[in-house]
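> Mind having a look at this structure? Questions to follow.
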Amino acid sequence: MIELQPSRDARGFRFAVVVARFNDFVTVRLRKAAVDALTGAGVLDDDITVVPVPGSFEIALAARKAAETGRFDAVICLGCLIRGATPHFEYIASATAHGITSASAATGVPMTFGVLTTNSVEEALERAGAGASNKGHEAAVAAIELVTVLRRLAHPESKGVRV
Ligand code: RBF
């Protein structure tokens, strides 16, 4: 049996980071952690394109348009939804998740989900703090894992280990 190994080295891959401005006191932290994770994995500055959108509801369309350019190996989606007194939270959260899933399925471009859905500001800040538990960092690491393992899947000389 062969098990393909993802790589932590993402040199040469190109990424779009779609980030919602709504709740930007949180999303700037997600964005920074995602970009740091990419550059830490060897991705060149010029190979990262940040696409700001007004709110999480708009992420899916921008992610799809980015994917359709053919210029990106993966799209990292970042946003922050904080539950309020309105039912909009559930609608927007559901539309965002489904929209990103459909965009990835329609384009075949890997997309990762770094959209926080929290009950409070405190909870949101906890998930956007320093370190590896930052959800922007996690979404970038997931994108790196996905593009590297998919590259190896596509090439018959894939590096794998016999297990
Ligand atoms: N966008 C977010 O990214 N996070 C939110 O918590 C959020 N809350 C919203 C609450 C309401 C009642 C509305 C109408 C919009 C909210 N949005 C939020 C913005 C939404 O994603 C979108 O940008 C706007 O509805 C414009 O299409």
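Chain labels follow the order of the structure tokens: the first chain is A, the next B, and so on; residue numbering restarts at 1 in every chain, and ligands are counted from 1 in their shown order.
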List the neighbours of Ala93 in chain A out to 8 Å using only C-alpha atoms; skip same-chain residues closer than 3 positions along the sequence, and give me the result as an mmCIF file with C-alpha atoms, in the first residue's frame.

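File written: result25.cif
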```cif
data_model
loop_
_atom_site.group_PDB
_atom_site.id
_atom_site.type_symbol
_atom_site.label_atom_id
_atom_site.label_comp_id
_atom_site.auth_asym_id
_atom_site.auth_seq_id
_atom_site.Cartn_x
_atom_site.Cartn_y
_atom_site.Cartn_z
ATOM 1 C CA SER A 56 -18.553 36.500 4.741
ATOM 2 C CA PHE A 57 -21.578 36.271 2.473
ATOM 3 C CA LEU A 81 -19.432 35.568 11.958
ATOM 4 C CA PHE A 89 -26.204 34.561 11.624
ATOM 5 C CA GLU A 90 -27.519 31.120 10.719
ATOM 6 C CA THR A 96 -21.057 30.922 3.306
ATOM 7 C CA ALA A 97 -20.203 27.284 3.985
ATOM 8 C CA THR A 117 -18.705 31.149 13.635
#
```
> Counting only C-alpha atoms and all ligand atoms, which residues of chain A fall within 6 Å of ligand 1, and what is the closest atom pair for each with its distance in Å at one decimal, ordered by chain and rising number, as CSV?

```
residue,atom,partner,partner_atom_place_in_ligand_line,distance
A:Ala20,CA,ligand 1,3 (O),5.6
A:Phe22,CA,ligand 1,3 (O),4.5
A:Pro54,CA,ligand 1,23 (O),4.8
A:Gly55,CA,ligand 1,23 (O),3.2
A:Ser56,CA,ligand 1,3 (O),3.7
A:Phe57,CA,ligand 1,21 (O),3.8
A:Glu58,CA,ligand 1,23 (O),5.9
A:Gly79,CA,ligand 1,3 (O),5.3
A:Cys80,CA,ligand 1,4 (N),5.0
A:Leu81,CA,ligand 1,6 (O),3.4
A:Ile82,CA,ligand 1,6 (O),4.4
A:His88,CA,ligand 1,12 (C),5.2
```
> Can you write just those residues out, N, CA and C atoms, as a PDB file, in the first residue's frame?

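Output file selection-v7.pdb follows:
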```pdb
ATOM      1  N   ALA A  20     -12.946  38.472   4.466  1.00  0.00           N
ATOM      2  CA  ALA A  20     -14.062  39.393   4.703  1.00  0.00           C
ATOM      3  C   ALA A  20     -13.605  40.525   5.616  1.00  0.00           C
ATOM      4  N   PHE A  22     -15.811  42.484   7.279  1.00  0.00           N
ATOM      5  CA  PHE A  22     -16.744  42.542   8.414  1.00  0.00           C
ATOM      6  C   PHE A  22     -16.057  41.910   9.631  1.00  0.00           C
ATOM      7  N   PRO A  54     -16.568  42.473   1.267  1.00  0.00           N
ATOM      8  CA  PRO A  54     -17.244  43.184   2.370  1.00  0.00           C
ATOM      9  C   PRO A  54     -17.540  42.293   3.582  1.00  0.00           C
ATOM     10  N   GLY A  55     -18.151  41.137   3.334  1.00  0.00           N
ATOM     11  CA  GLY A  55     -18.524  40.273   4.454  1.00  0.00           C
ATOM     12  C   GLY A  55     -18.428  38.814   4.051  1.00  0.00           C
ATOM     13  N   SER A  56     -18.692  37.936   4.997  1.00  0.00           N
ATOM     14  CA  SER A  56     -18.553  36.500   4.741  1.00  0.00           C
ATOM     15  C   SER A  56     -19.467  36.024   3.611  1.00  0.00           C
ATOM     16  N   PHE A  57     -20.625  36.660   3.515  1.00  0.00           N
ATOM     17  CA  PHE A  57     -21.578  36.271   2.473  1.00  0.00           C
ATOM     18  C   PHE A  57     -20.965  36.387   1.081  1.00  0.00           C
ATOM     19  N   GLU A  58     -20.038  37.301   0.891  1.00  0.00           N
ATOM     20  CA  GLU A  58     -19.426  37.540  -0.434  1.00  0.00           C
ATOM     21  C   GLU A  58     -18.189  36.663  -0.695  1.00  0.00           C
ATOM     22  N   GLY A  79     -13.116  34.607   7.339  1.00  0.00           N
ATOM     23  CA  GLY A  79     -14.172  35.523   7.753  1.00  0.00           C
ATOM     24  C   GLY A  79     -14.506  35.301   9.212  1.00  0.00           C
ATOM     25  N   CYS A  80     -15.390  36.134   9.721  1.00  0.00           N
ATOM     26  CA  CYS A  80     -15.771  36.006  11.129  1.00  0.00           C
ATOM     27  C   CYS A  80     -17.243  36.360  11.306  1.00  0.00           C
ATOM     28  N   LEU A  81     -18.004  35.366  11.680  1.00  0.00           N
ATOM     29  CA  LEU A  81     -19.432  35.568  11.958  1.00  0.00           C
ATOM     30  C   LEU A  81     -19.649  35.439  13.453  1.00  0.00           C
ATOM     31  N   ILE A  82     -20.210  36.478  14.048  1.00  0.00           N
ATOM     32  CA  ILE A  82     -20.479  36.445  15.481  1.00  0.00           C
ATOM     33  C   ILE A  82     -21.993  36.457  15.677  1.00  0.00           C
ATOM     34  N   HIS A  88     -30.015  36.197  11.135  1.00  0.00           N
ATOM     35  CA  HIS A  88     -29.110  36.321   9.983  1.00  0.00           C
ATOM     36  C   HIS A  88     -27.852  35.475  10.134  1.00  0.00           C
TER      37      HIS A  88
END
```
> Tell me, in Å to one decimal, how far CA of Ile144 in chain A is from CA of Asn23 in chain A.
25.8 Å
> Would you mind writing down, as a ChimeraX atom specification, each residue of chain A that DSSP on the backbone assigns to helix (DSSP H, G or I)?
/A:24-40,45-47,56-68,88-107,121-126,135-154
> Can you tell me which residues surround Cys77 in chain A at a distance of at most 8 Å, considering only C-alpha atoms, apart from same-chain residues fewer than 5 positions away, and format the answer as a count of residues only?
11
